[in-house]
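Undergrad: Let me give you the structure first, and then I'll get to my questions.
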Amino acid sequence: MTETLTDIFRRSRAVLLDFDGPVCSIFAGLPAPLVAARLKQLLQDEGAELPQDVAELDDPLKVLRRTAFFAPSLVDKVEAAFIGYEIEAAGCAEITPGVRELLDACAEVDRPVVIVSNNSGPAIEAFLGLVELKEQIAGVVGRPIGNPAEMKPHPRLVLRACEMVNVSPGETVLIGDSDFDMQAAANAGALSIAYANAPGKEAKLIEAGADAVTSSMQELAQAVRTNW
């Protein structure tokens, strides 16, 4: 990495923000392993035999992604159930410290913010309504319903977000906390900032291609304002 946070924001006309992590902890009140277990039970109830690797998964997004390969006819049912659980989880999710400050800073310098997430659009919209952040978000691009193969790291979601605010990928920065976020940004031609919100994440996200790293949303807000 050779660029600073201020360098990246200086080059960016729009900010793309992952949801689970940078905006909130979506499964804080309804744990992800419990949701994954419910989805796996649904698959079994529908007659699917779970591959060993799927039986061991505790991430519902990974369960959905794998369903497309071993039980494609059940993707829609798993998707519908998952959206319901995500909306339930949104009601008890925990907002990320500093995200309000970041959104305020972006508004002050006229930088639109689009949420780009592998979580579902309805769940994201539900959370934004609960915490009164809808007015500060220029758009929401959730996972492509029924087509989990186009979730991040596929570039589709990033490119769709760029279209929403009429900027090229090279004029945007994606802030996320997973290797899929860093890879999606690179695949689309966007810059990326890794939000290393847990021990050990920084090295992993740098390896995934992050252009810069932070552990503080407040630091990002300060970097946005530094350019003005």
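All residue names refer to the structure tokens as shown: chains lettered A, B, ... in order, residues numbered from 1 in each chain, ligands numbered from 1 in order.
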Which stretch 100-137 of chain A residues have any atom within 8 Å of an atom of stretch 207-223 of chain A, and for each, what is the nearest pair of atoms with distance in Å to one decimal, counting only C-alpha atoms, rows sorted by chain and number, as a tab-separated table?

TA:
```
residue	atom	partner	partner_atom	distance
A:Glu101	CA	A:Ala221	CA	5.9
A:Leu102	CA	A:Ala221	CA	4.3
A:Leu103	CA	A:Ala221	CA	7.7
A:Asp104	CA	A:Ala221	CA	7.9
A:Ala105	CA	A:Ala221	CA	5.6
A:Cys106	CA	A:Ala221	CA	7.6
```

Undergrad: If we count only C-alpha atoms and set the cut-off at 9 Å, which residues sit around A:Leu50, ignoring sequence neighbours fewer than 5 positions away in its own chain? Please answer as a list of chain:residue names.

TA: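 Here the qualifying residues turn out to be A:Lys40, A:Leu43, A:Gln44, A:Ala55, A:Phe70, A:Ala71.
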
Undergrad: Store the residues picked out above, limited to N, CA, C and O atoms, as an mmCIF file, in the first residue's frame.

TA:
```cif
data_model
loop_
_atom_site.group_PDB
_atom_site.id
_atom_site.type_symbol
_atom_site.label_atom_id
_atom_site.label_comp_id
_atom_site.auth_asym_id
_atom_site.auth_seq_id
_atom_site.Cartn_x
_atom_site.Cartn_y
_atom_site.Cartn_z
ATOM 1 N N LYS A 40 -29.826 -24.303 6.725
ATOM 2 C CA LYS A 40 -29.440 -25.703 6.466
ATOM 3 C C LYS A 40 -30.582 -26.652 6.814
ATOM 4 O O LYS A 40 -30.811 -27.642 6.103
ATOM 5 N N LEU A 43 -33.060 -26.594 4.002
ATOM 6 C CA LEU A 43 -32.593 -27.412 2.888
ATOM 7 C C LEU A 43 -32.860 -28.896 3.136
ATOM 8 O O LEU A 43 -33.335 -29.613 2.254
ATOM 9 N N GLN A 44 -32.579 -29.330 4.350
ATOM 10 C CA GLN A 44 -32.805 -30.729 4.676
ATOM 11 C C GLN A 44 -34.298 -31.063 4.679
ATOM 12 O O GLN A 44 -34.707 -32.134 4.217
ATOM 13 N N ALA A 55 -22.495 -28.569 5.610
ATOM 14 C CA ALA A 55 -22.953 -28.936 6.948
ATOM 15 C C ALA A 55 -22.138 -28.240 8.025
ATOM 16 O O ALA A 55 -22.633 -27.979 9.130
ATOM 17 N N PHE A 70 -25.273 -27.137 -5.188
ATOM 18 C CA PHE A 70 -25.709 -28.496 -4.886
ATOM 19 C C PHE A 70 -27.230 -28.654 -4.842
ATOM 20 O O PHE A 70 -27.738 -29.781 -4.888
ATOM 21 N N ALA A 71 -27.971 -27.544 -4.770
ATOM 22 C CA ALA A 71 -29.432 -27.615 -4.785
ATOM 23 C C ALA A 71 -30.000 -26.367 -5.454
ATOM 24 O O ALA A 71 -30.740 -25.601 -4.834
#
```

Undergrad: Can you check which residues of chain A DSSP gives as strand (DSSP E) on the backbone and send them as a list in words?

TA: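 So, restricting chain A to strand (DSSP E), we get Ala14, Val15, Leu16, Leu17, Cys24, Ser25, Glu94, Ile95, Val113, Val114, Ile115, Val116, Gly139, Val140, Val141, Thr172, Val173, Leu174, Ile175, Gly176, Leu191, Ser192, Ile193, Ala194, Tyr195, Ala212, Val213 and Thr214 of chain A.
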
Undergrad: Could you pull out the alpha helix (DSSP H) residues of stretch 7-228 of chain A from DSSP and send them as a ChimeraX atom specification?

TA: /A:7-11,32-45,52-55,60-70,75-90,99-108,121-130,156-164,179-188,201-207,217-226

Undergrad: Please write the residues from the selection above to a file, keeping C-alpha atoms, as a short mmCIF file (atom, residue, chain, number, x, y, z; two decimals), in the first residue's frame.

TA:
```cif
data_model
loop_
_atom_site.label_atom_id
_atom_site.label_comp_id
_atom_site.auth_asym_id
_atom_site.auth_seq_id
_atom_site.Cartn_x
_atom_site.Cartn_y
_atom_site.Cartn_z
CA ASP A 7 -5.05 10.57 -0.97
CA ILE A 8 -7.83 8.10 -1.70
CA PHE A 9 -10.66 10.42 -0.72
CA ARG A 10 -9.08 13.21 -2.75
CA ARG A 11 -9.34 11.01 -5.82
CA ALA A 32 -25.15 -15.61 11.95
CA PRO A 33 -24.50 -19.26 12.98
CA LEU A 34 -28.14 -19.54 14.10
CA VAL A 35 -29.37 -18.18 10.76
CA ALA A 36 -27.04 -20.54 8.91
CA ALA A 37 -28.40 -23.46 10.94
CA ARG A 38 -31.97 -22.48 10.07
CA LEU A 39 -31.15 -22.32 6.36
CA LYS A 40 -29.44 -25.70 6.47
CA GLN A 41 -32.46 -27.17 8.24
CA LEU A 42 -34.70 -25.73 5.53
CA LEU A 43 -32.59 -27.41 2.89
CA GLN A 44 -32.80 -30.73 4.68
CA ASP A 45 -36.55 -30.35 5.18
CA GLN A 52 -19.94 -32.04 4.28
CA ASP A 53 -18.49 -28.57 3.75
CA VAL A 54 -21.98 -27.03 3.80
CA ALA A 55 -22.95 -28.94 6.95
CA PRO A 60 -25.60 -17.88 6.04
CA LEU A 61 -24.21 -16.06 2.99
CA LYS A 62 -21.91 -19.00 2.31
CA VAL A 63 -24.83 -21.40 2.72
CA LEU A 64 -26.78 -19.42 0.11
CA ARG A 65 -23.80 -19.27 -2.22
CA ARG A 66 -23.23 -23.02 -2.02
CA THR A 67 -26.93 -23.82 -2.45
CA ALA A 68 -26.69 -22.62 -6.03
CA PHE A 69 -24.28 -25.49 -6.73
CA PHE A 70 -25.71 -28.50 -4.89
CA VAL A 75 -32.13 -21.14 -4.15
CA ASP A 76 -35.35 -19.13 -4.22
CA LYS A 77 -36.71 -20.78 -1.06
CA VAL A 78 -33.44 -20.33 0.81
CA GLU A 79 -33.22 -16.73 -0.43
CA ALA A 80 -36.73 -15.88 0.74
CA ALA A 81 -36.16 -17.39 4.17
CA PHE A 82 -32.79 -15.65 4.48
CA ILE A 83 -34.28 -12.25 3.65
CA GLY A 84 -36.84 -12.76 6.40
CA TYR A 85 -34.12 -13.56 8.92
CA GLU A 86 -32.06 -10.56 7.79
CA ILE A 87 -35.00 -8.23 8.29
CA GLU A 88 -35.52 -9.74 11.74
CA ALA A 89 -31.81 -9.26 12.47
CA ALA A 90 -31.96 -5.63 11.31
CA VAL A 99 -20.52 5.72 10.80
CA ARG A 100 -22.76 8.73 11.44
CA GLU A 101 -19.68 10.95 11.53
CA LEU A 102 -18.47 9.49 8.22
CA LEU A 103 -21.83 10.06 6.55
CA ASP A 104 -21.95 13.62 7.90
CA ALA A 105 -18.46 14.29 6.55
CA CYS A 106 -19.34 12.93 3.11
CA ALA A 107 -22.45 15.12 3.01
CA GLU A 108 -20.41 18.18 3.97
CA GLY A 121 -31.74 -4.68 0.06
CA PRO A 122 -34.91 -4.99 2.19
CA ALA A 123 -32.88 -5.69 5.34
CA ILE A 124 -30.55 -2.76 4.64
CA GLU A 125 -33.47 -0.42 4.04
CA ALA A 126 -35.13 -1.64 7.26
CA PHE A 127 -32.05 -0.87 9.32
CA LEU A 128 -31.48 2.54 7.73
CA GLY A 129 -35.07 3.45 8.56
CA LEU A 130 -34.71 2.35 12.18
CA ARG A 156 -21.60 -6.30 -10.58
CA LEU A 157 -22.70 -4.63 -7.34
CA VAL A 158 -19.88 -2.09 -7.43
CA LEU A 159 -20.57 -1.24 -11.06
CA ARG A 160 -24.29 -0.85 -10.36
CA ALA A 161 -23.52 1.55 -7.51
CA CYS A 162 -21.30 3.63 -9.80
CA GLU A 163 -24.13 3.87 -12.30
CA MET A 164 -26.48 5.10 -9.56
CA ASP A 179 -11.51 -9.88 1.44
CA PHE A 180 -14.53 -10.09 -0.88
CA ASP A 181 -14.91 -6.31 -0.59
CA MET A 182 -11.29 -5.69 -1.53
CA GLN A 183 -11.51 -8.14 -4.43
CA ALA A 184 -14.81 -6.70 -5.70
CA ALA A 185 -13.28 -3.22 -5.75
CA ALA A 186 -10.26 -4.45 -7.67
CA ASN A 187 -12.41 -6.43 -10.09
CA ALA A 188 -14.46 -3.32 -10.85
CA LYS A 201 -7.90 -8.59 9.87
CA GLU A 202 -5.43 -5.96 8.71
CA ALA A 203 -2.89 -8.38 7.24
CA LYS A 204 -5.61 -10.47 5.59
CA LEU A 205 -7.23 -7.44 3.96
CA ILE A 206 -3.93 -6.02 2.77
CA GLU A 207 -3.20 -9.38 1.17
CA MET A 217 -14.74 5.10 11.12
CA GLN A 218 -13.97 8.38 12.87
CA GLU A 219 -10.56 8.34 11.22
CA LEU A 220 -12.26 8.02 7.85
CA ALA A 221 -14.51 10.98 8.63
CA GLN A 222 -11.46 13.06 9.51
CA ALA A 223 -9.72 12.02 6.29
CA VAL A 224 -12.75 13.06 4.23
CA ARG A 225 -12.79 16.49 5.86
CA THR A 226 -9.02 16.94 5.48
#
```

Undergrad: What is the atom CA of A:Cys24 to atom CA of A:Pro153 distance in Å?

TA: 20.1 Å
